[in-house]
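Listing of upload-v5.csv; format and content: CSV, C-alpha atoms.
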```
chain,number,residue,atom,x,y,z
A,1,MET,CA,0.0,0.0,0.0
A,2,LYS,CA,1.5,3.3,-1.1
A,3,SER,CA,1.2,6.0,1.6
A,4,THR,CA,0.6,9.7,0.8
A,5,ALA,CA,1.3,12.4,3.3
A,6,LYS,CA,-2.1,14.0,2.7
A,7,ASN,CA,-3.7,10.9,4.2
A,8,LEU,CA,-1.9,11.6,7.5
A,9,ASN,CA,-1.7,14.5,9.9
A,10,ILE,CA,1.4,13.7,11.9
A,11,LEU,CA,1.8,15.8,15.0
A,12,TYR,CA,5.0,14.3,16.3
A,13,GLU,CA,7.5,11.6,15.2
A,14,ASP,CA,10.8,10.2,16.5
A,15,ASN,CA,12.5,6.8,16.5
A,16,HIS,CA,10.2,5.3,19.0
A,17,ILE,CA,6.7,6.9,18.7
A,18,ILE,CA,4.5,8.6,16.2
A,19,ILE,CA,1.5,10.7,17.1
A,20,VAL,CA,-1.3,11.4,14.6
A,21,ASN,CA,-4.3,13.7,14.5
A,22,LYS,CA,-7.0,11.3,13.4
A,23,ARG,CA,-9.7,12.4,11.0
A,24,THR,CA,-13.4,11.6,11.1
A,25,GLY,CA,-14.0,8.1,9.7
A,26,ASP,CA,-10.4,6.9,10.1
A,27,LEU,CA,-10.1,3.4,11.6
A,28,VAL,CA,-7.3,3.2,14.1
A,29,GLN,CA,-7.0,-0.6,13.8
A,30,GLY,CA,-8.4,-3.0,11.2
A,31,ASP,CA,-11.9,-4.4,11.7
A,32,LYS,CA,-14.6,-6.4,9.9
A,33,THR,CA,-15.2,-3.6,7.4
A,34,GLY,CA,-11.9,-4.4,5.7
A,35,ASP,CA,-11.2,-0.6,5.4
A,36,ALA,CA,-7.6,0.4,5.5
A,37,PRO,CA,-6.8,1.5,9.1
A,38,LEU,CA,-4.4,4.2,10.2
A,39,SER,CA,-2.0,1.5,11.4
A,40,ASP,CA,-1.6,0.2,7.8
A,41,LEU,CA,-1.3,3.7,6.4
A,42,LEU,CA,1.4,4.6,8.9
A,43,LYS,CA,3.4,1.4,8.2
A,44,ALA,CA,3.3,2.2,4.5
A,45,TYR,CA,4.4,5.8,5.3
A,46,ILE,CA,7.3,4.6,7.4
A,47,LYS,CA,8.4,2.0,4.9
A,48,GLU,CA,8.4,4.7,2.1
A,49,LYS,CA,9.9,7.5,4.1
A,50,TYR,CA,12.8,5.5,5.5
A,51,ASN,CA,13.1,3.1,2.6
A,52,LYS,CA,12.7,0.1,5.0
A,53,PRO,CA,13.0,-3.4,3.6
A,54,GLY,CA,10.6,-6.1,4.9
A,55,ASN,CA,7.8,-5.6,7.4
A,56,VAL,CA,7.5,-2.4,9.4
A,57,TYR,CA,6.9,-2.7,13.2
A,58,LEU,CA,4.0,-0.5,14.5
A,59,GLY,CA,2.2,-1.0,17.8
A,60,VAL,CA,-1.3,0.4,18.5
A,61,VAL,CA,-1.1,2.0,21.9
A,62,HIS,CA,-4.8,3.1,22.3
A,63,ARG,CA,-7.8,3.7,20.1
A,64,LEU,CA,-10.4,6.3,19.2
A,65,ASP,CA,-13.9,5.5,18.0
A,66,ARG,CA,-14.3,5.8,14.2
A,67,PRO,CA,-16.5,9.0,14.3
A,68,THR,CA,-14.2,10.7,16.7
A,69,THR,CA,-11.2,12.9,15.8
A,70,GLY,CA,-7.9,13.8,17.5
A,71,ILE,CA,-4.7,12.4,19.1
A,72,VAL,CA,-3.7,8.8,18.7
A,73,ILE,CA,-0.3,7.5,19.7
A,74,PHE,CA,1.5,4.6,17.9
A,75,ALA,CA,4.7,2.9,19.0
A,76,LYS,CA,7.5,2.3,16.4
A,77,THR,CA,9.4,0.0,18.7
A,78,SER,CA,8.4,-2.9,21.0
A,79,LYS,CA,10.2,-1.2,23.9
A,80,ALA,CA,8.1,1.9,23.4
A,81,LEU,CA,4.9,-0.1,23.1
A,82,GLU,CA,5.6,-2.1,26.3
A,83,ARG,CA,6.3,1.1,28.3
A,84,LEU,CA,3.3,3.0,27.0
A,85,ASN,CA,1.0,0.1,27.8
A,86,LYS,CA,2.4,0.1,31.3
A,87,MET,CA,1.8,3.9,31.6
A,88,LEU,CA,-1.8,3.4,30.4
A,89,ARG,CA,-2.4,0.7,33.0
A,90,GLU,CA,-0.9,3.0,35.7
A,91,LYS,CA,-2.9,6.0,34.4
A,92,THR,CA,0.1,8.2,33.9
A,93,ILE,CA,-1.0,9.4,30.5
A,94,ASP,CA,-3.3,12.4,30.7
A,95,LYS,CA,-5.9,12.8,28.0
A,96,THR,CA,-8.1,15.8,27.5
A,97,TYR,CA,-11.0,15.8,25.1
A,98,TRP,CA,-13.3,18.5,23.7
A,99,ALA,CA,-17.0,17.8,23.0
A,100,ILE,CA,-19.7,20.0,21.5
A,101,VAL,CA,-23.1,19.3,23.0
A,102,LYS,CA,-26.6,20.7,22.3
A,103,ASN,CA,-27.8,21.1,25.9
A,104,LYS,CA,-26.0,23.1,28.6
A,105,PRO,CA,-25.2,20.8,31.6
A,106,SER,CA,-26.9,21.7,34.8
A,107,LYS,CA,-23.5,22.2,36.5
A,108,THR,CA,-20.6,24.2,34.8
A,109,GLU,CA,-18.2,21.6,36.0
A,110,ASP,CA,-18.6,18.2,37.6
A,111,THR,CA,-17.2,14.7,38.1
A,112,LEU,CA,-19.3,11.9,36.7
A,113,VAL,CA,-19.1,8.4,38.3
A,114,ASN,CA,-21.1,5.7,36.7
A,115,TYR,CA,-20.9,2.0,35.8
A,116,LEU,CA,-20.9,1.1,32.1
A,117,LYS,CA,-21.8,-2.2,30.5
A,118,LYS,CA,-21.0,-2.9,26.8
A,119,ASN,CA,-23.5,-4.6,24.6
A,120,PRO,CA,-21.5,-6.2,21.7
A,121,LYS,CA,-24.7,-6.8,19.7
A,122,ASN,CA,-25.3,-3.1,19.1
A,123,ASN,CA,-21.8,-1.9,20.0
A,124,LYS,CA,-23.2,0.4,22.7
A,125,ALA,CA,-22.6,1.1,26.3
A,126,THR,CA,-25.4,1.3,28.9
A,127,VAL,CA,-25.0,3.6,31.9
A,128,PHE,CA,-25.8,2.5,35.4
A,129,ASN,CA,-25.6,4.6,38.6
A,130,LYS,CA,-24.8,1.6,40.7
A,131,GLU,CA,-22.5,-1.4,40.1
A,132,THR,CA,-24.3,-4.2,38.2
A,133,LYS,CA,-23.2,-7.5,36.8
A,134,ASP,CA,-20.4,-7.2,34.2
A,135,SER,CA,-20.3,-3.4,34.5
A,136,LYS,CA,-17.1,-1.4,34.8
A,137,LYS,CA,-16.6,1.8,36.8
A,138,ALA,CA,-16.3,4.9,34.7
A,139,ILE,CA,-15.1,8.3,35.9
A,140,LEU,CA,-14.6,11.6,34.1
A,141,SER,CA,-14.5,15.2,34.9
A,142,TYR,CA,-15.9,18.0,32.7
A,143,LYS,CA,-16.1,21.7,32.6
A,144,LEU,CA,-18.0,24.1,30.4
A,145,ILE,CA,-15.5,26.3,28.6
A,146,LYS,CA,-17.6,28.1,26.0
A,147,SER,CA,-21.3,28.6,25.1
A,148,LEU,CA,-22.4,29.4,21.5
A,149,ASP,CA,-25.9,30.3,20.4
A,150,ASN,CA,-27.0,26.7,20.0
A,151,TYR,CA,-24.2,24.6,21.3
A,152,HIS,CA,-21.8,24.3,24.3
A,153,LEU,CA,-18.1,23.3,24.4
A,154,LEU,CA,-17.1,21.0,27.2
A,155,GLU,CA,-13.5,20.0,28.2
A,156,ILE,CA,-13.3,16.5,29.5
A,157,ASP,CA,-10.5,14.7,31.5
A,158,LEU,CA,-10.8,11.0,31.6
A,159,GLU,CA,-9.9,9.0,34.7
A,160,THR,CA,-10.9,5.7,33.2
A,161,GLY,CA,-11.0,4.6,29.5
A,162,ARG,CA,-14.2,2.6,29.0
A,163,HIS,CA,-15.9,1.7,25.8
A,164,HIS,CA,-17.8,4.8,24.5
A,165,GLN,CA,-17.3,6.3,28.0
A,166,ILE,CA,-17.6,10.0,27.1
A,167,ARG,CA,-20.4,9.5,24.7
A,168,ALA,CA,-22.5,7.4,27.1
A,169,GLN,CA,-21.8,9.5,30.3
A,170,LEU,CA,-22.6,12.8,28.6
A,171,SER,CA,-25.8,11.4,27.1
A,172,ASN,CA,-26.7,10.2,30.6
A,173,ILE,CA,-26.8,13.8,31.8
A,174,ASN,CA,-28.9,14.9,28.8
A,175,CYS,CA,-25.9,16.3,26.9
A,176,PRO,CA,-25.5,14.0,23.9
A,177,ILE,CA,-22.6,15.0,21.6
A,178,LYS,CA,-23.5,16.7,18.3
A,179,GLY,CA,-24.0,14.2,15.6
A,180,ASP,CA,-24.0,11.2,17.9
A,181,LEU,CA,-27.2,9.4,16.9
A,182,LYS,CA,-26.3,6.3,18.9
A,183,TYR,CA,-26.4,8.2,22.1
A,184,GLY,CA,-29.4,10.4,21.6
A,185,PHE,CA,-28.5,13.4,19.4
A,186,PRO,CA,-31.4,13.9,17.0
A,187,ARG,CA,-29.4,14.4,13.7
A,188,SER,CA,-26.3,13.0,12.2
A,189,ASN,CA,-23.4,15.1,10.9
A,190,LYS,CA,-22.9,15.3,7.2
A,191,ASP,CA,-19.6,13.5,7.4
A,192,ALA,CA,-21.0,10.8,9.7
A,193,GLY,CA,-18.7,12.0,12.5
A,194,ILE,CA,-19.4,13.3,15.9
A,195,HIS,CA,-18.1,16.5,17.6
A,196,LEU,CA,-15.8,14.7,20.0
A,197,HIS,CA,-12.1,15.5,19.7
A,198,ALA,CA,-9.1,14.1,21.5
A,199,ARG,CA,-7.5,17.5,22.0
A,200,ARG,CA,-4.4,17.1,24.2
A,201,ILE,CA,-2.2,14.4,25.6
A,202,GLN,CA,0.5,14.7,28.3
A,203,PHE,CA,2.9,12.0,29.2
A,204,THR,CA,6.6,11.2,29.8
A,205,HIS,CA,8.3,9.9,26.7
A,206,PRO,CA,8.8,6.1,27.1
A,207,VAL,CA,12.4,6.2,26.1
A,208,SER,CA,13.9,9.7,26.3
A,209,LYS,CA,11.9,10.5,29.5
A,210,VAL,CA,11.2,14.0,28.1
A,211,LYS,CA,7.8,15.5,29.2
A,212,MET,CA,5.5,15.5,26.2
A,213,ASP,CA,2.6,17.9,25.8
A,214,ILE,CA,0.9,17.5,22.4
A,215,GLU,CA,-2.3,19.3,21.2
A,216,ALA,CA,-4.3,18.4,18.1
A,217,PRO,CA,-6.0,21.2,16.1
A,218,THR,CA,-9.8,20.7,15.8
A,219,PRO,CA,-11.2,19.7,12.3
A,220,LYS,CA,-12.1,22.4,9.8
A,221,ASP,CA,-15.8,22.8,10.6
A,222,PRO,CA,-18.1,25.9,11.1
A,223,ILE,CA,-18.8,25.1,14.8
A,224,TRP,CA,-15.3,24.0,15.7
A,225,ASP,CA,-13.9,27.1,14.0
A,226,VAL,CA,-15.8,29.4,16.4
A,227,CYS,CA,-14.7,27.4,19.5
```
For this file, produce the structure as structure tokens.
Amino acid sequence: MKSTAKNLNILYEDNHIIIVNKRTGDLVQGDKTGDAPLSDLLKAYIKEKYNKPGNVYLGVVHRLDRPTTGIVIFAKTSKALERLNKMLREKTIDKTYWAIVKNKPSKTEDTLVNYLKKNPKNNKATVFNKETKDSKKAILSYKLIKSLDNYHLLEIDLETGRHHQIRAQLSNINCPIKGDLKYGFPRSNKDAGIHLHARRIQFTHPVSKVKMDIEAPTPKDPIWDVC
């Protein structure tokens, strides 16, 4: 597969990691659709850029939902992947998201604690206020950072990383994300995406130990543009 730079928005790259600003509709890792994922595009890009013979190593550190945009980290070495996975388990990677919602939350900032249960049949998370069988605890904090005429911009810090966590928990407080039909928004976006963006990531580089602080520009879009 031949890579082209226009298919990728690379925010940072060195010998051990590569950080990408994912577009709406991009798959992070291959699935049953058979569509080419970012991981394959990046392997092709690395092979082409560095004229690498044979197979290219690339480890998927974490994922974003297909309709979501923003920061995704990939590991270019097994050492980096192992250390980044350990950092994720130990919760030493800080992720900040932006979400545009239709309804203003009742509190300008709050911490949401719920229990989520994934239904693989419809690929959806159900929110419970108390622990239930097979549920997992989900914690996030949000704050309102801007209000527009019809929408509101929230900044979200994740403490846990559950399936569809932000989408489900915001919907549960009557703040579904713009375009997110699955979680209660009335209309889809034209590009089939949702207005959820992985905006910023802060962590210690797994090899150099340098403090990393990366921000991803929001997509070109009339509403994001005024945020």
Counting all atoms listed in the file, the option among A:Ala168, A:Ala198, A:Ala44, A:Ile177 closest to A:Leu64: A:Ala198
Write out as a Markdown table the residues of stretch 23-112 of chain A that have any atom within 12 Å of an atom of stretch 135-140 of chain A, one row each with the nearest atom pair and its distance in Å to one decimal, counting all atoms listed in the file, sorted by chain and then rising number.
```
| residue | atom | partner | partner_atom | distance |
| --- | --- | --- | --- | --- |
| A:Asp94 | CA | A:Leu140 | CA | 11.8 |
| A:Lys95 | CA | A:Leu140 | CA | 10.7 |
| A:Thr96 | CA | A:Leu140 | CA | 10.2 |
| A:Tyr97 | CA | A:Leu140 | CA | 10.6 |
| A:Glu109 | CA | A:Leu140 | CA | 10.8 |
| A:Asp110 | CA | A:Leu140 | CA | 8.5 |
| A:Thr111 | CA | A:Leu140 | CA | 5.7 |
| A:Leu112 | CA | A:Leu140 | CA | 5.4 |
```
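With distances taken over only C-alpha atoms, A:Arg200 is the one residue among A:Arg200, A:Lys182, A:Lys220, A:Arg89 lying closest to A:Ile19.
Using all atoms listed in the file, the smallest distance between any of A:Gly54, A:Pro67, A:Pro186, A:Gly59 and A:His164 comes from A:Pro67.
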Residues within 10 Å of A:Lys91, only C-alpha atoms, excluding chain neighbours under 5 positions, as a PDB file with C-alpha atoms, in the frame of the given file:
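Saved file out-v4.pdb follows:
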```
ATOM      1  CA  ASN A  85       1.000   0.100  27.800  1.00  0.00           C
ATOM      2  CA  LYS A  86       2.400   0.100  31.300  1.00  0.00           C
ATOM      3  CA  LEU A 158     -10.800  11.000  31.600  1.00  0.00           C
ATOM      4  CA  GLU A 159      -9.900   9.000  34.700  1.00  0.00           C
ATOM      5  CA  THR A 160     -10.900   5.700  33.200  1.00  0.00           C
ATOM      6  CA  GLY A 161     -11.000   4.600  29.500  1.00  0.00           C
ATOM      7  CA  PHE A 203       2.900  12.000  29.200  1.00  0.00           C
TER       8      PHE A 203
END
```
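In this comparison, which uses all atoms listed in the file, the residue of A:Leu81, A:Leu170, A:Leu58, A:Val101 approaching A:Gln29 most closely is A:Leu58.
Our summary of the geometry notes that atom CA of A:Ile223 is positioned 24.6 Å from atom CA of A:Arg63.
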Any chance you could export stretch 35-69 of chain A with N, CA and C atoms, as a PDB file, in the first residue's frame?
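Dumped to result.pdb:
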```pdb
ATOM      1  N   ASP A  35     -11.793  -1.917   5.740  1.00  0.00           N
ATOM      2  CA  ASP A  35     -11.222  -0.621   5.351  1.00  0.00           C
ATOM      3  C   ASP A  35      -9.795  -0.500   5.870  1.00  0.00           C
ATOM      4  N   ALA A  36      -8.961   0.209   5.111  1.00  0.00           N
ATOM      5  CA  ALA A  36      -7.552   0.374   5.509  1.00  0.00           C
ATOM      6  C   ALA A  36      -7.462   1.232   6.765  1.00  0.00           C
ATOM      7  N   PRO A  37      -6.881   0.694   7.839  1.00  0.00           N
ATOM      8  CA  PRO A  37      -6.775   1.459   9.082  1.00  0.00           C
ATOM      9  C   PRO A  37      -5.553   2.371   9.086  1.00  0.00           C
ATOM     10  N   LEU A  38      -5.552   3.306  10.033  1.00  0.00           N
ATOM     11  CA  LEU A  38      -4.407   4.198  10.208  1.00  0.00           C
ATOM     12  C   LEU A  38      -3.111   3.417  10.414  1.00  0.00           C
ATOM     13  N   SER A  39      -3.194   2.317  11.143  1.00  0.00           N
ATOM     14  CA  SER A  39      -1.986   1.531  11.412  1.00  0.00           C
ATOM     15  C   SER A  39      -1.334   1.070  10.106  1.00  0.00           C
ATOM     16  N   ASP A  40      -2.137   0.661   9.116  1.00  0.00           N
ATOM     17  CA  ASP A  40      -1.582   0.232   7.828  1.00  0.00           C
ATOM     18  C   ASP A  40      -1.024   1.421   7.038  1.00  0.00           C
ATOM     19  N   LEU A  41      -1.740   2.546   7.070  1.00  0.00           N
ATOM     20  CA  LEU A  41      -1.266   3.743   6.371  1.00  0.00           C
ATOM     21  C   LEU A  41       0.067   4.212   6.945  1.00  0.00           C
ATOM     22  N   LEU A  42       0.190   4.134   8.258  1.00  0.00           N
ATOM     23  CA  LEU A  42       1.436   4.561   8.902  1.00  0.00           C
ATOM     24  C   LEU A  42       2.587   3.612   8.586  1.00  0.00           C
ATOM     25  N   LYS A  43       2.302   2.331   8.558  1.00  0.00           N
ATOM     26  CA  LYS A  43       3.356   1.373   8.183  1.00  0.00           C
ATOM     27  C   LYS A  43       3.864   1.661   6.769  1.00  0.00           C
ATOM     28  N   ALA A  44       2.931   1.939   5.869  1.00  0.00           N
ATOM     29  CA  ALA A  44       3.317   2.245   4.494  1.00  0.00           C
ATOM     30  C   ALA A  44       4.115   3.549   4.439  1.00  0.00           C
ATOM     31  N   TYR A  45       3.685   4.526   5.219  1.00  0.00           N
ATOM     32  CA  TYR A  45       4.391   5.824   5.278  1.00  0.00           C
ATOM     33  C   TYR A  45       5.823   5.642   5.796  1.00  0.00           C
ATOM     34  N   ILE A  46       5.987   4.856   6.868  1.00  0.00           N
ATOM     35  CA  ILE A  46       7.317   4.626   7.450  1.00  0.00           C
ATOM     36  C   ILE A  46       8.208   3.870   6.459  1.00  0.00           C
ATOM     37  N   LYS A  47       7.628   2.848   5.837  1.00  0.00           N
ATOM     38  CA  LYS A  47       8.390   2.037   4.866  1.00  0.00           C
ATOM     39  C   LYS A  47       8.902   2.913   3.723  1.00  0.00           C
ATOM     40  N   GLU A  48       8.020   3.798   3.251  1.00  0.00           N
ATOM     41  CA  GLU A  48       8.351   4.675   2.129  1.00  0.00           C
ATOM     42  C   GLU A  48       9.355   5.762   2.541  1.00  0.00           C
ATOM     43  N   LYS A  49       9.093   6.412   3.667  1.00  0.00           N
ATOM     44  CA  LYS A  49       9.936   7.542   4.105  1.00  0.00           C
ATOM     45  C   LYS A  49      11.367   7.105   4.416  1.00  0.00           C
ATOM     46  N   TYR A  50      11.493   5.960   5.084  1.00  0.00           N
ATOM     47  CA  TYR A  50      12.811   5.520   5.535  1.00  0.00           C
ATOM     48  C   TYR A  50      13.388   4.404   4.672  1.00  0.00           C
ATOM     49  N   ASN A  51      12.668   4.094   3.585  1.00  0.00           N
ATOM     50  CA  ASN A  51      13.125   3.063   2.644  1.00  0.00           C
ATOM     51  C   ASN A  51      13.449   1.756   3.368  1.00  0.00           C
ATOM     52  N   LYS A  52      12.497   1.326   4.204  1.00  0.00           N
ATOM     53  CA  LYS A  52      12.714   0.140   5.035  1.00  0.00           C
ATOM     54  C   LYS A  52      12.401  -1.135   4.259  1.00  0.00           C
ATOM     55  N   PRO A  53      13.289  -2.109   4.270  1.00  0.00           N
ATOM     56  CA  PRO A  53      12.983  -3.401   3.646  1.00  0.00           C
ATOM     57  C   PRO A  53      12.132  -4.260   4.593  1.00  0.00           C
ATOM     58  N   GLY A  54      11.380  -5.161   4.048  1.00  0.00           N
ATOM     59  CA  GLY A  54      10.627  -6.095   4.888  1.00  0.00           C
ATOM     60  C   GLY A  54       9.471  -5.431   5.622  1.00  0.00           C
ATOM     61  N   ASN A  55       8.985  -6.119   6.652  1.00  0.00           N
ATOM     62  CA  ASN A  55       7.835  -5.627   7.411  1.00  0.00           C
ATOM     63  C   ASN A  55       8.231  -4.491   8.348  1.00  0.00           C
ATOM     64  N   VAL A  56       7.316  -3.566   8.547  1.00  0.00           N
ATOM     65  CA  VAL A  56       7.523  -2.429   9.448  1.00  0.00           C
ATOM     66  C   VAL A  56       6.806  -2.716  10.764  1.00  0.00           C
ATOM     67  N   TYR A  57       7.490  -2.489  11.891  1.00  0.00           N
ATOM     68  CA  TYR A  57       6.851  -2.673  13.209  1.00  0.00           C
ATOM     69  C   TYR A  57       6.059  -1.420  13.563  1.00  0.00           C
ATOM     70  N   LEU A  58       4.827  -1.620  14.018  1.00  0.00           N
ATOM     71  CA  LEU A  58       4.025  -0.508  14.531  1.00  0.00           C
ATOM     72  C   LEU A  58       3.046  -1.061  15.556  1.00  0.00           C
ATOM     73  N   GLY A  59       3.080  -0.521  16.768  1.00  0.00           N
ATOM     74  CA  GLY A  59       2.192  -0.978  17.826  1.00  0.00           C
ATOM     75  C   GLY A  59       1.084   0.025  18.084  1.00  0.00           C
ATOM     76  N   VAL A  60      -0.141  -0.468  18.199  1.00  0.00           N
ATOM     77  CA  VAL A  60      -1.289   0.389  18.515  1.00  0.00           C
ATOM     78  C   VAL A  60      -1.370   0.539  20.029  1.00  0.00           C
ATOM     79  N   VAL A  61      -1.189   1.764  20.508  1.00  0.00           N
ATOM     80  CA  VAL A  61      -1.148   2.014  21.948  1.00  0.00           C
ATOM     81  C   VAL A  61      -2.565   2.159  22.524  1.00  0.00           C
ATOM     82  N   HIS A  62      -3.413   2.890  21.822  1.00  0.00           N
ATOM     83  CA  HIS A  62      -4.795   3.085  22.266  1.00  0.00           C
ATOM     84  C   HIS A  62      -5.636   3.397  21.038  1.00  0.00           C
ATOM     85  N   ARG A  63      -6.931   3.480  21.191  1.00  0.00           N
ATOM     86  CA  ARG A  63      -7.830   3.667  20.056  1.00  0.00           C
ATOM     87  C   ARG A  63      -8.759   4.862  20.272  1.00  0.00           C
ATOM     88  N   LEU A  64      -9.329   5.335  19.175  1.00  0.00           N
ATOM     89  CA  LEU A  64     -10.431   6.292  19.211  1.00  0.00           C
ATOM     90  C   LEU A  64     -11.557   5.720  18.368  1.00  0.00           C
ATOM     91  N   ASP A  65     -12.784   5.988  18.764  1.00  0.00           N
ATOM     92  CA  ASP A  65     -13.928   5.549  17.967  1.00  0.00           C
ATOM     93  C   ASP A  65     -13.834   6.129  16.556  1.00  0.00           C
ATOM     94  N   ARG A  66     -14.364   5.397  15.592  1.00  0.00           N
ATOM     95  CA  ARG A  66     -14.266   5.820  14.194  1.00  0.00           C
ATOM     96  C   ARG A  66     -14.822   7.229  13.936  1.00  0.00           C
ATOM     97  N   PRO A  67     -15.969   7.626  14.530  1.00  0.00           N
ATOM     98  CA  PRO A  67     -16.482   8.970  14.250  1.00  0.00           C
ATOM     99  C   PRO A  67     -15.786  10.091  15.022  1.00  0.00           C
ATOM    100  N   THR A  68     -14.856   9.730  15.903  1.00  0.00           N
ATOM    101  CA  THR A  68     -14.158  10.702  16.748  1.00  0.00           C
ATOM    102  C   THR A  68     -12.870  11.154  16.070  1.00  0.00           C
ATOM    103  N   THR A  69     -12.423  12.367  16.401  1.00  0.00           N
ATOM    104  CA  THR A  69     -11.177  12.895  15.840  1.00  0.00           C
ATOM    105  C   THR A  69     -10.160  13.129  16.959  1.00  0.00           C
TER     106      THR A  69
END
```
